Amino acid sequence: MYGFYLQDDYKLTPKVTLNLGLRYEYEGGLWDPQNRIPQQLDLTNPIPGMQAAIDPLMPSDVRAKMNESAGQKSFIYNGAFSFTEDGNKHKTSADKYGFMPRAGLAWRLNDKSVIRVGYGRFVVPASLANPERDALGEIDLGGFTPTTVVPAVLAGIPQGYLANPFPFGLDPITGKSFGRYTNLGTSVSFDQYRQRPPISDRINISLQRQLPGKFIADFTYFVNFVTRDQYSVNLDMMDPRLSYTYKSALSATVNNPFYNYGTQQTFPGALRNSKTVSIASLLVPYPQYTGITQTGTDLRSAHYQSLQLRGQRAFSNGLSLLATYAYVTSKAHWFFDPQDEYDNRLSWMNFTVTQSGGAGSPTVVSDPKHRFVSAATWDLPIGRGRRFGSTLGRAADYVIGGWQVSGIYTYTSGAPLIFSSSIIAPSTVKPIGSIGAGSYWFDTTGFAAQASFTRRTNPWYYDGLVGPGFKNMDLSLSKKFALTERIKASIRLDAFNALNGMNWATPQLTVTASDFGKTNTQLAGYYGRQLQYSARLEF
């Protein structure tokens, strides 16, 4: 990885200063001197002889159902696996346009007021966009690290047991020996080859004003536009419309057209060892694979906005104060349901998705709209050198002089409640707001489990329906004193959750749970009052 940065300041007038900068980064990506890293799966390259051999063996009812699909009209017997090679040694094709311009403007209105405007573009390195994907121990190394999964249940009958979990054998460690046929007949995962790392364009506008009493007020508007956000996409997905029509009939078994197809070298996966397969497994675009996942796909976008207010008093006369408030809105692209995922139709959602392997189970981060944080430090005015008790004796000063009190108070409003599963739900939901063990947080009337094999109709969230907020105060009491001219001591008492408050977790959102809609548990990682005592000796 290489990067450089240039910047300069330009004083346009005595009151206006312009800052311009440009950063460039290039991240070449993972590579191996022995070219053992998988690079691409070319799904436009036909597998020699497979269409002529397999098409006649496809069950007629499977072929008929495939023709009914509104998306894929026929089976695609394509796939050529490739590894890195001399002259093309990197796992992915790196982005060469990692230019990140920066601009800032400071305008001094008068001696007590200034306006600041800033813009910056940030290109997220691939190793940070999805660190687990690019960790050496996590990437799929094809034939060097094969993974054999337990066969799926067919017609309600398990195919694997504890005594023999892999009845069709283990996928062998083949290295690069199978060439283009690597992972054929099993599941495969690979990065989008032409990498376009996520881009974050950030703009902030702030007004700063010095107030009486040594206070400074800051009003800031901040916006962040994220494009080319990455996620994992299923490239071998059955059209969900088929499951809505045929329901459980797709779980029925039929003769496996790939049974004993080719040789171990041309079809190495366990799929060739199974005599029967489910109808659903053959209704995917590439039935010769048991799953195709492309990571690092760069189609999503996200927006974040906040209005930030800050008041600050620098430490003076034994007192410092800081108070901040932020009003936040955010939204991100995601699939409303599996049908939208199949059709690659993204929608704006009022939450942030960090990563997921499918539309039904995203990792959701909901930003609370309101956040307030304040902090203060106060040297108690008692003791030698302070307003009261400046003539205290040494013993009395050790006991009552020189103490300092500090604290931090945090409040955030509740984040939107996300109903990620398909359920029967009313068009509106009324918040109740009762909090405590066994209390309902919202009106559960009208909710029910949705019938299987039906398309999702319920929204992901409801306007105004948010979870419990968060309140907490931490306090500290400390004192420093000199034992001798060269030896000093300090003692400190910290009280976390000093008021012994209670913060509740998000209510139960699984409609089939007995406590659906209730707040029953304490927020994870939050505890009752905790006291910490410490002493320090300096010499």
# chains A, B, ... in the order shown; residues from 1 in each chain; ligands from 1

call {"tool": "select_by_dssp", "arguments": {"residues": "segment 156-253 of chain A", "states": "helix (DSSP H, G or I)", "output": "list in words"}}
result
Gly179, Arg180, Tyr181, Pro212, Gly213, Lys214, Pro240, Arg241, Leu242, Ser243, Tyr244, Thr245, Tyr246, Lys247, Ser248, Ala249, Leu250 and Ser251 of chain A

call {"tool": "residues_around", "arguments": {"residues": "Leu12 of chain A", "least_positions_apart": "2", "cutoff": "12 Å", "atoms": "only C-alpha atoms", "output": "ChimeraX atom specification"}}
result
/A:9-10,14-19,105-108

call {"tool": "write_last_selection", "arguments": {"atoms": "C-alpha atoms", "output": "mmCIF file, in the first residue's frame"}}
result
data_model
loop_
_atom_site.group_PDB
_atom_site.id
_atom_site.type_symbol
_atom_site.label_atom_id
_atom_site.label_comp_id
_atom_site.auth_asym_id
_atom_site.auth_seq_id
_atom_site.Cartn_x
_atom_site.Cartn_y
_atom_site.Cartn_z
ATOM 1 C CA ASP A 9 -2.689 27.205 3.104
ATOM 2 C CA TYR A 10 -3.628 30.341 1.187
ATOM 3 C CA PRO A 14 -6.638 39.080 6.388
ATOM 4 C CA LYS A 15 -9.848 37.341 7.521
ATOM 5 C CA VAL A 16 -10.151 34.424 5.074
ATOM 6 C CA THR A 17 -7.817 31.420 4.911
ATOM 7 C CA LEU A 18 -8.172 28.615 2.371
ATOM 8 C CA ASN A 19 -6.646 25.167 2.838
ATOM 9 C CA LEU A 105 -12.152 27.539 4.528
ATOM 10 C CA ALA A 106 -11.875 29.631 7.694
ATOM 11 C CA TRP A 107 -13.554 33.054 7.700
ATOM 12 C CA ARG A 108 -13.034 35.263 10.738
#

call {"tool": "atom_distance", "arguments": {"atom1": "atom CA of Ser434 of chain A", "atom2": "atom CA of Pro468 of chain A"}}
result
9.7 Å

call {"tool": "closest_residue", "arguments": {"among": "A:Pro416, A:Gly98, A:Pro151, A:Gly318", "to": "Asn273 of chain A", "atoms": "only C-alpha atoms"}}
result
A:Pro151

call {"tool": "closest_residue", "arguments": {"among": "A:Lys275, A:Lys89, A:Arg23, A:His303", "to": "Pro101 of chain A", "atoms": "only C-alpha atoms"}}
result
A:Arg23

call {"tool": "atom_distance", "arguments": {"atom1": "atom CA of Asp337 of chain A", "atom2": "atom CA of Tyr244 of chain A"}}
result
13.0 Å

call {"tool": "residues_around", "arguments": {"residues": "Leu417 of chain A", "least_positions_apart": "2", "cutoff": "10 Å", "atoms": "only C-alpha atoms", "output": "mmCIF file with all heavy atoms, in the first residue's frame"}}
result
data_model
loop_
_atom_site.group_PDB
_atom_site.id
_atom_site.type_symbol
_atom_site.label_atom_id
_atom_site.label_comp_id
_atom_site.auth_asym_id
_atom_site.auth_seq_id
_atom_site.Cartn_x
_atom_site.Cartn_y
_atom_site.Cartn_z
ATOM 1 N N PHE A 351 -31.931 2.865 8.319
ATOM 2 C CA PHE A 351 -30.962 2.258 9.222
ATOM 3 C C PHE A 351 -29.714 1.968 8.415
ATOM 4 O O PHE A 351 -29.687 2.101 7.193
ATOM 5 C CB PHE A 351 -31.501 0.984 9.888
ATOM 6 C CG PHE A 351 -31.979 -0.071 8.929
ATOM 7 C CD1 PHE A 351 -31.097 -0.858 8.213
ATOM 8 C CD2 PHE A 351 -33.340 -0.290 8.736
ATOM 9 C CE1 PHE A 351 -31.534 -1.835 7.347
ATOM 10 C CE2 PHE A 351 -33.788 -1.273 7.864
ATOM 11 C CZ PHE A 351 -32.879 -2.038 7.172
ATOM 12 N N SER A 366 -28.843 0.840 14.045
ATOM 13 C CA SER A 366 -29.788 1.954 14.027
ATOM 14 C C SER A 366 -29.227 3.109 14.837
ATOM 15 O O SER A 366 -28.859 2.938 16.002
ATOM 16 C CB SER A 366 -31.145 1.516 14.606
ATOM 17 O OG SER A 366 -31.713 0.492 13.826
ATOM 18 N N GLY A 414 -33.960 6.427 21.974
ATOM 19 C CA GLY A 414 -34.065 5.074 21.457
ATOM 20 C C GLY A 414 -33.854 5.021 19.954
ATOM 21 O O GLY A 414 -34.209 5.940 19.218
ATOM 22 N N ALA A 415 -33.266 3.923 19.491
ATOM 23 C CA ALA A 415 -33.050 3.719 18.065
ATOM 24 C C ALA A 415 -34.279 3.031 17.457
ATOM 25 O O ALA A 415 -35.028 2.342 18.161
ATOM 26 C CB ALA A 415 -31.807 2.865 17.837
ATOM 27 N N PHE A 419 -37.807 -4.802 12.396
ATOM 28 C CA PHE A 419 -38.456 -6.110 12.299
ATOM 29 C C PHE A 419 -37.872 -6.815 11.073
ATOM 30 O O PHE A 419 -38.351 -6.666 9.953
ATOM 31 C CB PHE A 419 -39.968 -5.945 12.165
ATOM 32 C CG PHE A 419 -40.623 -5.344 13.377
ATOM 33 C CD1 PHE A 419 -40.660 -3.971 13.555
ATOM 34 C CD2 PHE A 419 -41.181 -6.149 14.354
ATOM 35 C CE1 PHE A 419 -41.258 -3.408 14.671
ATOM 36 C CE2 PHE A 419 -41.772 -5.603 15.488
ATOM 37 C CZ PHE A 419 -41.810 -4.218 15.648
ATOM 38 N N SER A 420 -36.807 -7.580 11.286
ATOM 39 C CA SER A 420 -36.064 -8.150 10.165
ATOM 40 C C SER A 420 -36.727 -9.374 9.560
ATOM 41 O O SER A 420 -36.435 -9.738 8.429
ATOM 42 C CB SER A 420 -34.637 -8.503 10.614
ATOM 43 O OG SER A 420 -34.664 -9.422 11.692
ATOM 44 N N TRP A 460 -39.978 -2.850 7.528
ATOM 45 C CA TRP A 460 -38.831 -3.116 8.396
ATOM 46 C C TRP A 460 -38.949 -2.334 9.694
ATOM 47 O O TRP A 460 -38.428 -2.758 10.727
ATOM 48 C CB TRP A 460 -37.537 -2.733 7.683
ATOM 49 C CG TRP A 460 -37.084 -3.739 6.676
ATOM 50 C CD1 TRP A 460 -37.579 -3.917 5.413
ATOM 51 C CD2 TRP A 460 -36.055 -4.714 6.839
ATOM 52 N NE1 TRP A 460 -36.911 -4.939 4.781
ATOM 53 C CE2 TRP A 460 -35.963 -5.442 5.630
ATOM 54 C CE3 TRP A 460 -35.191 -5.039 7.876
ATOM 55 C CZ2 TRP A 460 -35.051 -6.471 5.447
ATOM 56 C CZ3 TRP A 460 -34.279 -6.060 7.693
ATOM 57 C CH2 TRP A 460 -34.222 -6.767 6.494
ATOM 58 N N TYR A 461 -39.594 -1.177 9.663
ATOM 59 C CA TYR A 461 -39.677 -0.318 10.840
ATOM 60 C C TYR A 461 -40.922 0.550 10.710
ATOM 61 O O TYR A 461 -41.536 0.654 9.626
ATOM 62 C CB TYR A 461 -38.429 0.560 10.966
ATOM 63 C CG TYR A 461 -38.085 1.286 9.698
ATOM 64 C CD1 TYR A 461 -38.678 2.511 9.384
ATOM 65 C CD2 TYR A 461 -37.179 0.746 8.794
ATOM 66 C CE1 TYR A 461 -38.397 3.161 8.211
ATOM 67 C CE2 TYR A 461 -36.888 1.395 7.607
ATOM 68 C CZ TYR A 461 -37.486 2.604 7.313
ATOM 69 O OH TYR A 461 -37.202 3.246 6.141
ATOM 70 N N TYR A 462 -41.308 1.182 11.811
ATOM 71 C CA TYR A 462 -42.476 2.060 11.845
ATOM 72 C C TYR A 462 -42.032 3.436 12.338
ATOM 73 O O TYR A 462 -41.263 3.541 13.296
ATOM 74 C CB TYR A 462 -43.545 1.494 12.785
ATOM 75 C CG TYR A 462 -44.103 0.168 12.337
ATOM 76 C CD1 TYR A 462 -43.499 -1.029 12.732
ATOM 77 C CD2 TYR A 462 -45.229 0.100 11.530
ATOM 78 C CE1 TYR A 462 -44.005 -2.250 12.328
ATOM 79 C CE2 TYR A 462 -45.749 -1.121 11.121
ATOM 80 C CZ TYR A 462 -45.134 -2.290 11.519
ATOM 81 O OH TYR A 462 -45.632 -3.505 11.112
ATOM 82 N N ASP A 463 -42.539 4.467 11.676
ATOM 83 C CA ASP A 463 -42.197 5.827 12.085
ATOM 84 C C ASP A 463 -42.591 6.056 13.544
ATOM 85 O O ASP A 463 -43.718 5.778 13.953
ATOM 86 C CB ASP A 463 -42.906 6.845 11.191
ATOM 87 C CG ASP A 463 -42.367 6.855 9.768
ATOM 88 O OD1 ASP A 463 -41.224 6.392 9.584
ATOM 89 O OD2 ASP A 463 -43.085 7.308 8.855
ATOM 90 N N GLY A 464 -41.664 6.554 14.322
ATOM 91 C CA GLY A 464 -41.933 6.871 15.717
ATOM 92 C C GLY A 464 -41.791 5.713 16.672
ATOM 93 O O GLY A 464 -41.874 5.910 17.895
ATOM 94 N N LEU A 465 -41.570 4.493 16.154
ATOM 95 C CA LEU A 465 -41.424 3.332 17.040
ATOM 96 C C LEU A 465 -39.938 3.074 17.266
ATOM 97 O O LEU A 465 -39.241 2.576 16.374
ATOM 98 C CB LEU A 465 -42.099 2.108 16.433
ATOM 99 C CG LEU A 465 -42.100 0.854 17.323
ATOM 100 C CD1 LEU A 465 -42.832 1.106 18.626
ATOM 101 C CD2 LEU A 465 -42.719 -0.329 16.584
ATOM 102 N N VAL A 466 -39.480 3.441 18.450
ATOM 103 C CA VAL A 466 -38.066 3.286 18.780
ATOM 104 C C VAL A 466 -37.928 2.498 20.069
ATOM 105 O O VAL A 466 -38.878 2.335 20.836
ATOM 106 C CB VAL A 466 -37.371 4.658 18.924
ATOM 107 C CG1 VAL A 466 -37.444 5.436 17.617
ATOM 108 C CG2 VAL A 466 -37.982 5.458 20.067
ATOM 109 N N GLY A 467 -36.753 1.994 20.311
ATOM 110 C CA GLY A 467 -36.487 1.224 21.512
ATOM 111 C C GLY A 467 -36.178 2.114 22.701
ATOM 112 O O GLY A 467 -36.229 3.349 22.626
ATOM 113 N N PRO A 468 -35.838 1.516 23.838
ATOM 114 C CA PRO A 468 -35.514 2.293 25.037
ATOM 115 C C PRO A 468 -34.292 3.179 24.819
ATOM 116 O O PRO A 468 -33.363 2.821 24.090
ATOM 117 C CB PRO A 468 -35.229 1.209 26.090
ATOM 118 C CG PRO A 468 -35.908 -0.018 25.573
ATOM 119 C CD PRO A 468 -35.825 0.060 24.094
ATOM 120 N N THR A 506 -33.291 -3.743 23.807
ATOM 121 C CA THR A 506 -34.364 -3.670 22.823
ATOM 122 C C THR A 506 -35.422 -4.721 23.139
ATOM 123 O O THR A 506 -35.085 -5.862 23.500
ATOM 124 C CB THR A 506 -33.789 -3.916 21.414
ATOM 125 O OG1 THR A 506 -32.846 -2.891 21.119
ATOM 126 C CG2 THR A 506 -34.887 -3.901 20.363
ATOM 127 N N PRO A 507 -36.694 -4.394 23.036
ATOM 128 C CA PRO A 507 -37.725 -5.397 23.318
ATOM 129 C C PRO A 507 -37.652 -6.576 22.354
ATOM 130 O O PRO A 507 -37.066 -6.498 21.271
ATOM 131 C CB PRO A 507 -39.037 -4.614 23.148
ATOM 132 C CG PRO A 507 -38.682 -3.425 22.343
ATOM 133 C CD PRO A 507 -37.267 -3.090 22.679
ATOM 134 N N GLN A 508 -38.245 -7.667 22.761
ATOM 135 C CA GLN A 508 -38.264 -8.892 21.962
ATOM 136 C C GLN A 508 -39.063 -8.643 20.671
ATOM 137 O O GLN A 508 -40.212 -8.219 20.705
ATOM 138 C CB GLN A 508 -38.899 -10.031 22.754
ATOM 139 C CG GLN A 508 -39.094 -11.317 21.992
ATOM 140 C CD GLN A 508 -37.788 -11.926 21.537
ATOM 141 O OE1 GLN A 508 -37.433 -11.845 20.356
ATOM 142 N NE2 GLN A 508 -37.071 -12.535 22.479
ATOM 143 N N LEU A 509 -38.427 -8.922 19.517
ATOM 144 C CA LEU A 509 -39.071 -8.660 18.233
ATOM 145 C C LEU A 509 -39.377 -9.939 17.451
ATOM 146 O O LEU A 509 -39.800 -9.867 16.297
ATOM 147 C CB LEU A 509 -38.181 -7.742 17.375
ATOM 148 C CG LEU A 509 -37.884 -6.358 17.981
ATOM 149 C CD1 LEU A 509 -36.979 -5.554 17.056
ATOM 150 C CD2 LEU A 509 -39.167 -5.601 18.265
#
